[in-house]
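Q: Just one file: upload.txt, with compact mmCIF, C-alpha atoms.
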# COMPACT_ATOMS: atom_id res chain seq x y z
CA MET A 1238 -17.92 -23.09 4.94
CA PRO A 1239 -19.22 -19.54 4.31
CA THR A 1240 -17.18 -17.20 2.15
CA LYS A 1241 -15.56 -14.33 4.03
CA THR A 1242 -17.02 -10.98 2.90
CA THR A 1243 -14.20 -8.79 4.19
CA ILE A 1244 -10.44 -8.95 4.45
CA THR A 1245 -8.07 -7.13 6.77
CA VAL A 1246 -4.76 -5.86 5.45
CA THR A 1247 -1.96 -4.05 7.24
CA VAL A 1248 -1.07 -0.74 5.61
CA ARG A 1249 2.50 0.47 6.18
CA LEU A 1250 3.32 4.11 5.63
CA PHE A 1251 6.69 5.72 5.11
CA ALA A 1252 8.19 9.24 5.24
CA SER A 1253 5.72 11.95 4.17
CA TYR A 1254 2.82 9.47 4.04
CA ARG A 1255 3.48 8.45 7.64
CA GLU A 1256 3.48 12.12 8.62
CA ALA A 1257 0.24 12.78 6.70
CA VAL A 1258 -1.59 9.88 8.35
CA GLY A 1259 0.05 10.16 11.77
CA LYS A 1260 0.85 6.45 11.97
CA ALA A 1261 3.48 4.12 10.59
CA GLU A 1262 1.06 1.21 10.31
CA LEU A 1263 -2.67 0.61 10.46
CA PRO A 1264 -5.14 -2.21 9.88
CA LEU A 1265 -7.68 -1.66 7.11
CA ASP A 1266 -10.81 -3.71 6.47
CA MET A 1267 -11.74 -4.02 2.80
CA PRO A 1268 -14.40 -6.03 0.96
CA SER A 1269 -13.30 -9.44 -0.28
CA GLY A 1270 -11.99 -9.07 -3.83
CA ALA A 1271 -10.71 -5.51 -3.20
CA THR A 1272 -7.85 -4.31 -5.38
CA VAL A 1273 -4.81 -2.15 -4.71
CA GLY A 1274 -6.65 0.63 -6.55
CA GLY A 1275 -9.63 0.30 -4.20
CA LEU A 1276 -7.31 0.49 -1.22
CA ALA A 1277 -5.62 3.58 -2.70
CA ARG A 1278 -9.00 5.29 -3.18
CA GLU A 1279 -10.04 4.41 0.38
CA MET A 1280 -6.80 5.77 1.87
CA VAL A 1281 -7.04 9.04 -0.09
CA GLN A 1282 -10.64 9.47 1.03
CA ARG A 1283 -9.82 8.83 4.71
CA TYR A 1284 -6.56 10.79 4.86
CA PRO A 1285 -6.62 14.17 3.07
CA GLY A 1286 -2.85 14.61 3.53
CA LEU A 1287 -2.16 11.84 0.99
CA PRO A 1288 -1.94 12.67 -2.73
CA ARG A 1289 -5.40 13.51 -4.04
CA VAL A 1290 -5.07 11.28 -7.12
CA PRO A 1291 -5.14 7.64 -5.90
CA LYS A 1292 -3.60 6.22 -9.10
CA ARG A 1293 -0.41 8.16 -8.33
CA LEU A 1294 0.22 6.09 -5.20
CA VAL A 1295 3.02 3.57 -5.64
CA VAL A 1296 2.07 0.42 -3.75
CA ALA A 1297 3.82 -2.77 -2.72
CA VAL A 1298 2.03 -5.86 -1.46
CA ASN A 1299 4.04 -8.29 0.63
CA GLN A 1300 7.23 -6.48 -0.39
CA GLU A 1301 6.57 -6.63 -4.14
CA TYR A 1302 5.47 -3.68 -6.29
CA ARG A 1303 1.94 -4.20 -7.61
CA ASP A 1304 -0.25 -2.34 -10.06
CA HIS A 1305 -3.66 -1.06 -9.03
CA ARG A 1306 -5.47 -4.07 -10.55
CA HIS A 1307 -3.82 -6.52 -8.15
CA VAL A 1308 -6.40 -8.28 -5.94
CA LEU A 1309 -5.64 -8.16 -2.22
CA ARG A 1310 -5.88 -11.14 0.13
CA ASP A 1311 -6.61 -11.33 3.82
CA ALA A 1312 -3.53 -10.54 5.95
CA ASP A 1313 -1.58 -8.91 3.09
CA GLU A 1314 0.95 -6.27 4.07
CA VAL A 1315 0.51 -3.20 1.87
CA ALA A 1316 3.09 -0.41 1.73
CA LEU A 1317 2.37 3.05 0.38
CA ILE A 1318 5.64 4.35 -1.02
CA PRO A 1319 6.07 8.13 -1.32
CA PRO A 1320 7.98 9.78 -4.16
CA VAL A 1321 11.74 9.71 -3.88
CA SER A 1322 13.70 12.89 -3.13
CA GLY A 1323 13.73 15.57 -5.75
CA GLY A 1324 9.99 16.21 -5.68
CA ALA A 1325 9.11 13.72 -8.39
CA ILE A 1326 5.37 13.27 -8.85
CA HIS A 1327 5.84 9.58 -9.70
CA ALA A 1328 8.34 7.09 -8.44
CA PRO A 1329 9.82 5.03 -11.27
CA SER A 1330 7.31 2.47 -12.48
CA PRO A 1331 8.63 -0.90 -11.36
CA VAL A 1332 7.74 -4.10 -13.10
CA ALA A 1333 4.73 -5.68 -11.39
CA GLY A 1334 5.90 -8.43 -9.12
CA GLU A 1335 9.48 -7.12 -8.86
CA ALA A 1336 10.78 -8.01 -5.42
CA PHE A 1337 12.20 -5.42 -3.05
CA GLY A 1338 15.84 -5.61 -2.13
CA HIS A 1339 16.65 -6.00 1.54
CA ASP A 1340 15.75 -2.82 3.40
CA PRO A 1341 16.70 -2.49 7.07
CA LEU A 1342 13.66 -0.21 7.59
CA TRP A 1343 11.34 -2.98 6.44
CA PRO A 1344 12.22 -6.14 8.34
CA LYS A 1345 11.42 -9.44 6.74
CA SER A 1346 8.12 -10.95 7.85
CA GLU A 1347 8.13 -14.16 9.78
CA GLY A 1348 6.37 -17.01 8.04
For the file at hand, write its structure as structure tokens.

A:
Amino acid sequence: MPTKTTITVTVRLFASYREAVGKAELPLDMPSGATVGGLAREMVQRYPGLPRVPKRLVVAVNQEYRDHRHVLRDADEVALIPPVSGGAIHAPSPVAGEAFGHDPLWPKSEG
């Protein structure tokens, strides 16, 4: 069976990032083996309203915070999380793999 050369992830955007992109959710095709950092660079390049420094983006994959070295898989759900109120440049650095608490704005995925 041939190896798939691309993956498709769903990018979810919240608050100011949703406003900057104009969508709450979008599909994004990436090369197989792409990382969170690669996705962050791609999003910043495509959408000038996002922070200009990709490494400042806080990202969760399948509802768990991930660092920019994390390798994405086909059908992953990736959330770009804007800074919390108060104008902080960085959201607190969560421990990689730390699960989200229940959030009514982010319904649990089926399956």

Q: Could you check how far atom CA of Glu1279 of chain A sits from atom CA of Val1308 of chain A, in Å to one decimal?

A: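 Atom-to-atom, atom CA of Glu1279 of chain A to atom CA of Val1308 of chain A, that is 14.6 Å.
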
Q: Using all atoms listed in the file, pick whichever of A:Val1273, A:Leu1309, A:Val1281, A:Leu1287 has the shortest atom-to-atom distance to Ala1257 of chain A.

A: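 With all atoms listed in the file as the atom set, the closest residue is A:Leu1287.
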
Q: Write out as an MDAnalysis selection string which residues come within 12 Å of Ile1244 of chain A when counting only C-alpha atoms, dropping same-chain ones fewer than 6 positions away.

A: chainID A and resid 1264:1272 1276 1308:1314

Q: If we count all atoms listed in the file and set the cut-off at 12 Å, which residues sit around Val1258 of chain A, ignoring sequence neighbours fewer than 3 positions away in its own chain? Please answer as a PyMOL selection string.

A: chain A and resi 1248-1255+1261-1263+1280-1288+1317

Q: Atom CA of Arg1303 of chain A to atom CA of Arg1289 of chain A: how many Å, to one decimal?

A: 19.5 Å

Q: Provide the atom CA of Gly1259 of chain A to atom CA of Tyr1302 of chain A distance in Å, to one decimal place.

A: 23.4 Å

Q: Ranking A:Gln1300, A:His1307, A:Leu1294, A:Lys1241 by minimum distance to Pro1319 of chain A and counting only C-alpha atoms, which one comes first?

A: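 Under the stated criterion, the closest residue is A:Leu1294.
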
Q: A:Arg1306, A:Val1298, A:Arg1278, A:Val1321: which is nearest Val1246 of chain A, counting only C-alpha atoms?

A: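 Using only C-alpha atoms, the shortest distance to Val1246 of chain A belongs to A:Val1298.
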
Q: Using only C-alpha atoms, which residue out of A:Val1296, A:Thr1240, A:Glu1256, A:Pro1291 lies closest to Ile1318 of chain A?

A: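 Of the candidates, the smallest distance to Ile1318 of chain A is held by A:Val1296.
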
Q: Could the centre and edge lengths of an axis-aligned box, enclosing all atoms of segment 1241-1257 of chain A in the file with 3 Å extra on each side, be given in Å to one decimal as lines of an AutoDock Vina configuration file?

A:
center_x = -4.4
center_y = -0.8
center_z = 5.8
size_x = 31.2
size_y = 33.1
size_z = 11.7
